[in-house]
Each structure stands twice: as structure tokens, then as C-alpha cells.
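Pasting run.pdb here (PDB, N, CA and C atoms, pLDDT in the B column):
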ATOM      1  N   MET T1198      -8.851  31.559 -78.568  1.00 73.00           N
ATOM      2  CA  MET T1198      -8.057  30.367 -78.313  1.00 73.00           C
ATOM      3  C   MET T1198      -6.992  30.658 -77.245  1.00 73.00           C
ATOM      4  N   GLN T1199      -6.397  31.825 -77.348  1.00 74.00           N
ATOM      5  CA  GLN T1199      -5.322  32.153 -76.406  1.00 74.00           C
ATOM      6  C   GLN T1199      -5.826  32.162 -74.965  1.00 74.00           C
ATOM      7  N   ALA T1200      -6.985  32.738 -74.728  1.00 78.00           N
ATOM      8  CA  ALA T1200      -7.509  32.828 -73.370  1.00 78.00           C
ATOM      9  C   ALA T1200      -7.917  31.464 -72.823  1.00 78.00           C
ATOM     10  N   GLU T1201      -8.502  30.654 -73.682  1.00 82.00           N
ATOM     11  CA  GLU T1201      -9.022  29.363 -73.219  1.00 82.00           C
ATOM     12  C   GLU T1201      -7.972  28.253 -73.202  1.00 82.00           C
ATOM     13  N   TRP T1202      -7.042  28.294 -74.125  1.00 78.00           N
ATOM     14  CA  TRP T1202      -6.061  27.216 -74.298  1.00 78.00           C
ATOM     15  C   TRP T1202      -4.640  27.754 -74.293  1.00 78.00           C
ATOM     16  N   GLY T1203      -4.288  28.616 -73.370  1.00 82.00           N
ATOM     17  CA  GLY T1203      -3.020  29.334 -73.328  1.00 82.00           C
ATOM     18  C   GLY T1203      -1.777  28.560 -73.731  1.00 82.00           C
ATOM     19  N   GLN T1204      -1.487  27.446 -73.073  1.00 91.00           N
ATOM     20  CA  GLN T1204      -0.260  26.704 -73.374  1.00 91.00           C
ATOM     21  C   GLN T1204      -0.325  26.066 -74.759  1.00 91.00           C
ATOM     22  N   LEU T1205      -1.476  25.544 -75.135  1.00 93.00           N
ATOM     23  CA  LEU T1205      -1.639  24.947 -76.460  1.00 93.00           C
ATOM     24  C   LEU T1205      -1.493  26.009 -77.540  1.00 93.00           C
ATOM     25  N   TYR T1206      -2.054  27.182 -77.286  1.00 90.00           N
ATOM     26  CA  TYR T1206      -1.922  28.316 -78.209  1.00 90.00           C
ATOM     27  C   TYR T1206      -0.445  28.649 -78.428  1.00 90.00           C
ATOM     28  N   ASP T1207       0.303  28.695 -77.345  1.00 92.00           N
ATOM     29  CA  ASP T1207       1.730  29.001 -77.451  1.00 92.00           C
ATOM     30  C   ASP T1207       2.469  27.954 -78.280  1.00 92.00           C
ATOM     31  N   VAL T1208       2.168  26.686 -78.037  1.00 93.00           N
ATOM     32  CA  VAL T1208       2.856  25.604 -78.750  1.00 93.00           C
ATOM     33  C   VAL T1208       2.466  25.565 -80.219  1.00 93.00           C
ATOM     34  N   LEU T1209       1.175  25.670 -80.500  1.00 91.00           N
ATOM     35  CA  LEU T1209       0.705  25.534 -81.883  1.00 91.00           C
ATOM     36  C   LEU T1209       0.911  26.773 -82.730  1.00 91.00           C
ATOM     37  N   LEU T1210       0.866  27.939 -82.113  1.00 93.00           N
ATOM     38  CA  LEU T1210       0.957  29.161 -82.916  1.00 93.00           C
ATOM     39  C   LEU T1210       2.193  30.000 -82.607  1.00 93.00           C
ATOM     40  N   VAL T1211       2.331  30.449 -81.379  1.00 95.00           N
ATOM     41  CA  VAL T1211       3.392  31.406 -81.057  1.00 95.00           C
ATOM     42  C   VAL T1211       4.778  30.816 -81.305  1.00 95.00           C
ATOM     43  N   ASP T1212       5.032  29.646 -80.773  1.00 96.00           N
ATOM     44  CA  ASP T1212       6.360  29.039 -80.935  1.00 96.00           C
ATOM     45  C   ASP T1212       6.658  28.730 -82.401  1.00 96.00           C
ATOM     46  N   ARG T1213       5.672  28.183 -83.091  1.00 95.00           N
ATOM     47  CA  ARG T1213       5.875  27.849 -84.511  1.00 95.00           C
ATOM     48  C   ARG T1213       6.061  29.117 -85.340  1.00 95.00           C
ATOM     49  N   ASN T1214       5.270  30.165 -85.045  1.00 96.00           N
ATOM     50  CA  ASN T1214       5.410  31.410 -85.785  1.00 96.00           C
ATOM     51  C   ASN T1214       6.790  32.031 -85.572  1.00 96.00           C
ATOM     52  N   ALA T1215       7.288  31.971 -84.359  1.00 97.00           N
ATOM     53  CA  ALA T1215       8.619  32.511 -84.070  1.00 97.00           C
ATOM     54  C   ALA T1215       9.682  31.744 -84.851  1.00 97.00           C
ATOM     55  N   ASP T1216       9.555  30.436 -84.904  1.00 96.00           N
ATOM     56  CA  ASP T1216      10.495  29.619 -85.665  1.00 96.00           C
ATOM     57  C   ASP T1216      10.407  29.941 -87.152  1.00 96.00           C
ATOM     58  N   TRP T1217       9.188  30.022 -87.667  1.00 94.00           N
ATOM     59  CA  TRP T1217       9.006  30.339 -89.087  1.00 94.00           C
ATOM     60  C   TRP T1217       9.513  31.732 -89.423  1.00 94.00           C
ATOM     61  N   ALA T1218       9.291  32.692 -88.538  1.00 96.00           N
ATOM     62  CA  ALA T1218       9.751  34.055 -88.802  1.00 96.00           C
ATOM     63  C   ALA T1218      11.265  34.068 -89.013  1.00 96.00           C
ATOM     64  N   GLY T1219      11.991  33.310 -88.216  1.00 96.00           N
ATOM     65  CA  GLY T1219      13.440  33.223 -88.403  1.00 96.00           C
ATOM     66  C   GLY T1219      13.799  32.574 -89.725  1.00 96.00           C
ATOM     67  N   GLN T1220      13.115  31.498 -90.066  1.00 95.00           N
ATOM     68  CA  GLN T1220      13.388  30.819 -91.333  1.00 95.00           C
ATOM     69  C   GLN T1220      13.024  31.699 -92.524  1.00 95.00           C
ATOM     70  N   ILE T1221      11.886  32.380 -92.435  1.00 94.00           N
ATOM     71  CA  ILE T1221      11.450  33.258 -93.522  1.00 94.00           C
ATOM     72  C   ILE T1221      12.419  34.416 -93.690  1.00 94.00           C
ATOM     73  N   GLN T1222      12.860  35.000 -92.596  1.00 94.00           N
ATOM     74  CA  GLN T1222      13.812  36.106 -92.674  1.00 94.00           C
ATOM     75  C   GLN T1222      15.086  35.657 -93.376  1.00 94.00           C
ATOM     76  N   THR T1223      15.566  34.480 -93.064  1.00 94.00           N
ATOM     77  CA  THR T1223      16.759  33.940 -93.718  1.00 94.00           C
ATOM     78  C   THR T1223      16.516  33.754 -95.212  1.00 94.00           C
ATOM     79  N   MET T1224      15.352  33.230 -95.560  1.00 93.00           N
ATOM     80  CA  MET T1224      15.019  33.037 -96.977  1.00 93.00           C
ATOM     81  C   MET T1224      14.987  34.368 -97.721  1.00 93.00           C
ATOM     82  N   LEU T1225      14.416  35.391 -97.081  1.00 91.00           N
ATOM     83  CA  LEU T1225      14.295  36.694 -97.720  1.00 91.00           C
ATOM     84  C   LEU T1225      15.646  37.379 -97.907  1.00 91.00           C
ATOM     85  N   GLU T1226      16.625  37.013 -97.108  1.00 91.00           N
ATOM     86  CA  GLU T1226      17.961  37.596 -97.241  1.00 91.00           C
ATOM     87  C   GLU T1226      18.723  36.992 -98.409  1.00 91.00           C
ATOM     88  N   GLY T1227      18.238  35.869 -98.926  1.00 89.00           N
ATOM     89  CA  GLY T1227      18.872  35.228-100.071  1.00 89.00           C
ATOM     90  C   GLY T1227      18.410  35.888-101.361  1.00 89.00           C
ATOM     91  N   SER T1228      18.724  35.264-102.457  1.00 92.00           N
ATOM     92  CA  SER T1228      18.311  35.807-103.746  1.00 92.00           C
ATOM     93  C   SER T1228      17.149  34.988-104.292  1.00 92.00           C
ATOM     94  N   GLY T1229      16.490  35.544-105.279  1.00 90.00           N
ATOM     95  CA  GLY T1229      15.396  34.839-105.917  1.00 90.00           C
ATOM     96  C   GLY T1229      14.065  35.122-105.240  1.00 90.00           C
ATOM     97  N   THR T1230      13.091  34.338-105.623  1.00 88.00           N
ATOM     98  CA  THR T1230      11.731  34.491-105.130  1.00 88.00           C
ATOM     99  C   THR T1230      11.387  33.322-104.226  1.00 88.00           C
ATOM    100  N   ALA T1231      10.715  33.609-103.146  1.00 85.00           N
ATOM    101  CA  ALA T1231      10.304  32.554-102.223  1.00 85.00           C
ATOM    102  C   ALA T1231       8.784  32.547-102.131  1.00 85.00           C
ATOM    103  N   PHE T1232       8.193  31.367-102.160  1.00 88.00           N
ATOM    104  CA  PHE T1232       6.760  31.204-101.946  1.00 88.00           C
ATOM    105  C   PHE T1232       6.580  30.468-100.634  1.00 88.00           C
ATOM    106  N   ILE T1233       5.820  31.060 -99.738  1.00 87.00           N
ATOM    107  CA  ILE T1233       5.635  30.482 -98.411  1.00 87.00           C
ATOM    108  C   ILE T1233       4.135  30.383 -98.146  1.00 87.00           C
ATOM    109  N   ALA T1234       3.674  29.200 -97.802  1.00 88.00           N
ATOM    110  CA  ALA T1234       2.252  28.997 -97.501  1.00 88.00           C
ATOM    111  C   ALA T1234       2.104  28.566 -96.049  1.00 88.00           C
ATOM    112  N   VAL T1235       1.187  29.214 -95.345  1.00 86.00           N
ATOM    113  CA  VAL T1235       0.881  28.846 -93.964  1.00 86.00           C
ATOM    114  C   VAL T1235      -0.631  28.871 -93.793  1.00 86.00           C
ATOM    115  N   GLY T1236      -1.107  28.223 -92.760  1.00 90.00           N
ATOM    116  CA  GLY T1236      -2.533  28.241 -92.459  1.00 90.00           C
ATOM    117  C   GLY T1236      -2.981  29.605 -91.969  1.00 90.00           C
ATOM    118  N   ALA T1237      -4.248  29.885 -92.152  1.00 92.00           N
ATOM    119  CA  ALA T1237      -4.806  31.192 -91.816  1.00 92.00           C
ATOM    120  C   ALA T1237      -4.611  31.577 -90.353  1.00 92.00           C
ATOM    121  N   ALA T1238      -4.618  30.619 -89.450  1.00 89.00           N
ATOM    122  CA  ALA T1238      -4.462  30.936 -88.027  1.00 89.00           C
ATOM    123  C   ALA T1238      -3.114  31.583 -87.726  1.00 89.00           C
ATOM    124  N   HIS T1239      -2.122  31.338 -88.578  1.00 91.00           N
ATOM    125  CA  HIS T1239      -0.782  31.896 -88.367  1.00 91.00           C
ATOM    126  C   HIS T1239      -0.660  33.326 -88.897  1.00 91.00           C
ATOM    127  N   LEU T1240      -1.740  33.839 -89.483  1.00 92.00           N
ATOM    128  CA  LEU T1240      -1.701  35.156 -90.102  1.00 92.00           C
ATOM    129  C   LEU T1240      -2.533  36.197 -89.371  1.00 92.00           C
ATOM    130  N   ALA T1241      -3.063  35.839 -88.205  1.00 91.00           N
ATOM    131  CA  ALA T1241      -3.953  36.753 -87.498  1.00 91.00           C
ATOM    132  C   ALA T1241      -3.406  37.111 -86.118  1.00 91.00           C
ATOM    133  N   GLY T1242      -3.624  38.338 -85.729  1.00 91.00           N
ATOM    134  CA  GLY T1242      -3.316  38.760 -84.366  1.00 91.00           C
ATOM    135  C   GLY T1242      -1.892  39.228 -84.130  1.00 91.00           C
ATOM    136  N   ASP T1243      -1.652  39.589 -82.889  1.00 92.00           N
ATOM    137  CA  ASP T1243      -0.348  40.128 -82.487  1.00 92.00           C
ATOM    138  C   ASP T1243       0.768  39.093 -82.543  1.00 92.00           C
ATOM    139  N   ASP T1244       0.418  37.818 -82.512  1.00 94.00           N
ATOM    140  CA  ASP T1244       1.416  36.757 -82.550  1.00 94.00           C
ATOM    141  C   ASP T1244       1.582  36.168 -83.948  1.00 94.00           C
ATOM    142  N   SER T1245       1.078  36.859 -84.965  1.00 95.00           N
ATOM    143  CA  SER T1245       1.126  36.353 -86.332  1.00 95.00           C
ATOM    144  C   SER T1245       2.551  36.356 -86.881  1.00 95.00           C
ATOM    145  N   VAL T1246       2.744  35.585 -87.917  1.00 96.00           N
ATOM    146  CA  VAL T1246       4.055  35.547 -88.581  1.00 96.00           C
ATOM    147  C   VAL T1246       4.439  36.946 -89.062  1.00 96.00           C
ATOM    148  N   GLN T1247       3.466  37.675 -89.630  1.00 94.00           N
ATOM    149  CA  GLN T1247       3.778  39.024 -90.123  1.00 94.00           C
ATOM    150  C   GLN T1247       4.223  39.945 -89.000  1.00 94.00           C
ATOM    151  N   SER T1248       3.543  39.886 -87.865  1.00 96.00           N
ATOM    152  CA  SER T1248       3.921  40.739 -86.734  1.00 96.00           C
ATOM    153  C   SER T1248       5.327  40.414 -86.243  1.00 96.00           C
ATOM    154  N   MET T1249       5.632  39.132 -86.207  1.00 96.00           N
ATOM    155  CA  MET T1249       6.971  38.733 -85.752  1.00 96.00           C
ATOM    156  C   MET T1249       8.041  39.164 -86.744  1.00 96.00           C
ATOM    157  N   LEU T1250       7.730  39.100 -88.025  1.00 96.00           N
ATOM    158  CA  LEU T1250       8.685  39.576 -89.036  1.00 96.00           C
ATOM    159  C   LEU T1250       8.879  41.084 -88.913  1.00 96.00           C
ATOM    160  N   GLU T1251       7.790  41.817 -88.699  1.00 96.00           N
ATOM    161  CA  GLU T1251       7.903  43.267 -88.510  1.00 96.00           C
ATOM    162  C   GLU T1251       8.781  43.585 -87.300  1.00 96.00           C
ATOM    163  N   ASP T1252       8.608  42.821 -86.226  1.00 96.00           N
ATOM    164  CA  ASP T1252       9.429  43.027 -85.028  1.00 96.00           C
ATOM    165  C   ASP T1252      10.910  42.794 -85.305  1.00 96.00           C
ATOM    166  N   ARG T1253      11.197  41.986 -86.318  1.00 95.00           N
ATOM    167  CA  ARG T1253      12.587  41.696 -86.701  1.00 95.00           C
ATOM    168  C   ARG T1253      13.119  42.707 -87.724  1.00 95.00           C
ATOM    169  N   GLY T1254      12.275  43.686 -88.095  1.00 95.00           N
ATOM    170  CA  GLY T1254      12.709  44.725 -89.023  1.00 95.00           C
ATOM    171  C   GLY T1254      12.422  44.424 -90.481  1.00 95.00           C
ATOM    172  N   VAL T1255      11.672  43.356 -90.754  1.00 93.00           N
ATOM    173  CA  VAL T1255      11.315  43.017 -92.130  1.00 93.00           C
ATOM    174  C   VAL T1255      10.106  43.838 -92.538  1.00 93.00           C
ATOM    175  N   THR T1256      10.132  44.432 -93.731  1.00 91.00           N
ATOM    176  CA  THR T1256       9.000  45.171 -94.229  1.00 91.00           C
ATOM    177  C   THR T1256       7.934  44.183 -94.678  1.00 91.00           C
ATOM    178  N   VAL T1257       6.740  44.330 -94.119  1.00 89.00           N
ATOM    179  CA  VAL T1257       5.629  43.412 -94.415  1.00 89.00           C
ATOM    180  C   VAL T1257       4.496  44.205 -95.045  1.00 89.00           C
ATOM    181  N   THR T1258       3.965  43.697 -96.140  1.00 85.00           N
ATOM    182  CA  THR T1258       2.842  44.310 -96.814  1.00 85.00           C
ATOM    183  C   THR T1258       1.695  43.325 -96.854  1.00 85.00           C
ATOM    184  N   ARG T1259       0.558  43.724 -96.323  1.00 77.00           N
ATOM    185  CA  ARG T1259      -0.632  42.870 -96.356  1.00 77.00           C
ATOM    186  C   ARG T1259      -1.447  43.233 -97.590  1.00 77.00           C
ATOM    187  N   ARG T1260      -1.927  42.217 -98.280  1.00 76.00           N
ATOM    188  CA  ARG T1260      -2.722  42.474 -99.492  1.00 76.00           C
ATOM    189  C   ARG T1260      -4.017  41.749 -99.430  1.00 76.00           C
TER     190      ARG T1260
END
Hey, can you dump this file as C-alpha cells for me?
Amino acid sequence: MQAEWGQLYDVLLVDRNADWAGQIQTMLEGSGTAFIAVGAAHLAGDDSVQSMLEDRGVTVTRR
């Protein structure tokens, strides 16, 4: 998708993942348990939510 639809890929995945990574990081800094659901496309590749969280220093465990 990235190669064929570059700008759309950025808008639908990269930009949204970056925004979510910030929101998720804030949630994780709070107390309690958080449940977060995202579509599978946001969980794959170098631009995934997990990769962005790792870049922010959040420990990510894939199961």
C-alpha cells in the first residue's frame, strides 16, 4: 500500500498511528488498566502503533 498509495498510506496509517501512539502513551502513564482496539493494518510494519510506541520508549510486548 505504501508504494502504490504513498500519500493515502500516510494519512490513513502513519499520521493516525502517530496520533494514537501519543494518546496511548498518555493513557499508559495513568493508573488502572486500559483496553485499546485498533484494526490489523495499524499493527503491521515499521509504521505500526507498536513501533511508534517503542520509539517513544514504551516497552511493547507482542503476543
>> For the structure I just gave you, how does DSSP split segment 1204-1255 of chain T - specifically, which residues are alpha helix (DSSP H)? Reply as a count of residues only.
In response: 25
> How many Å separate atom C of Ala1218 of chain T from atom C of Gly1242 of chain T?
Replying inline: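 Between atom C of Ala1218 of chain T and atom C of Gly1242 of chain T the gap works out to 15.0 Å.
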> If you measure from atom CA of Arg1259 of chain T to atom CA of Ala1200 of chain T, what distance in Å do you get, rounded to one decimal?
Replying inline: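 Answer for the atom CA of Arg1259 of chain T to atom CA of Ala1200 of chain T separation: 26.0 Å.
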> Nearest to Ala1215 of chain T among T:Ala1241, T:Thr1258, T:Trp1202, T:Leu1250, with distances taken over all atoms listed in the file: which residue is it?
Replying inline: T:Leu1250
>> Once the PyMOL selection byres (((chain T and resi 1248 and name CA) around 12) and name CA) has been evaluated on this model, what residues remain selected, and can you format them as a list in words?
In response: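 Taken over the shown coordinates, the PyMOL selection byres (((chain T and resi 1248 and name CA) around 12) and name CA) returns Val1211, Asn1214, Ala1215, Trp1217, Ala1218, His1239, Leu1240, Ala1241, Gly1242, Asp1243, Asp1244, Ser1245, Val1246, Gln1247, Met1249, Leu1250, Glu1251, Asp1252, Arg1253, Gly1254, Val1255, Thr1256, Val1257, Thr1258 and Arg1259 of chain T.
Note that the spacing between atom CA of Ala1237 of chain T and atom CA of Tyr1206 of chain T amounts to 14.2 Å.
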Step by step, gather every atom of segment 1199-1215 of chain T that the file lists, find the box along x, y and z that holds them, add 3 Å on each side, and finally give centre and edge lengths in Å to one decimal, as lines of an AutoDock Vina configuration file.
center_x = 0.3
center_y = 28.9
center_z = -79.3
size_x = 24.7
size_y = 13.9
size_z = 19.0
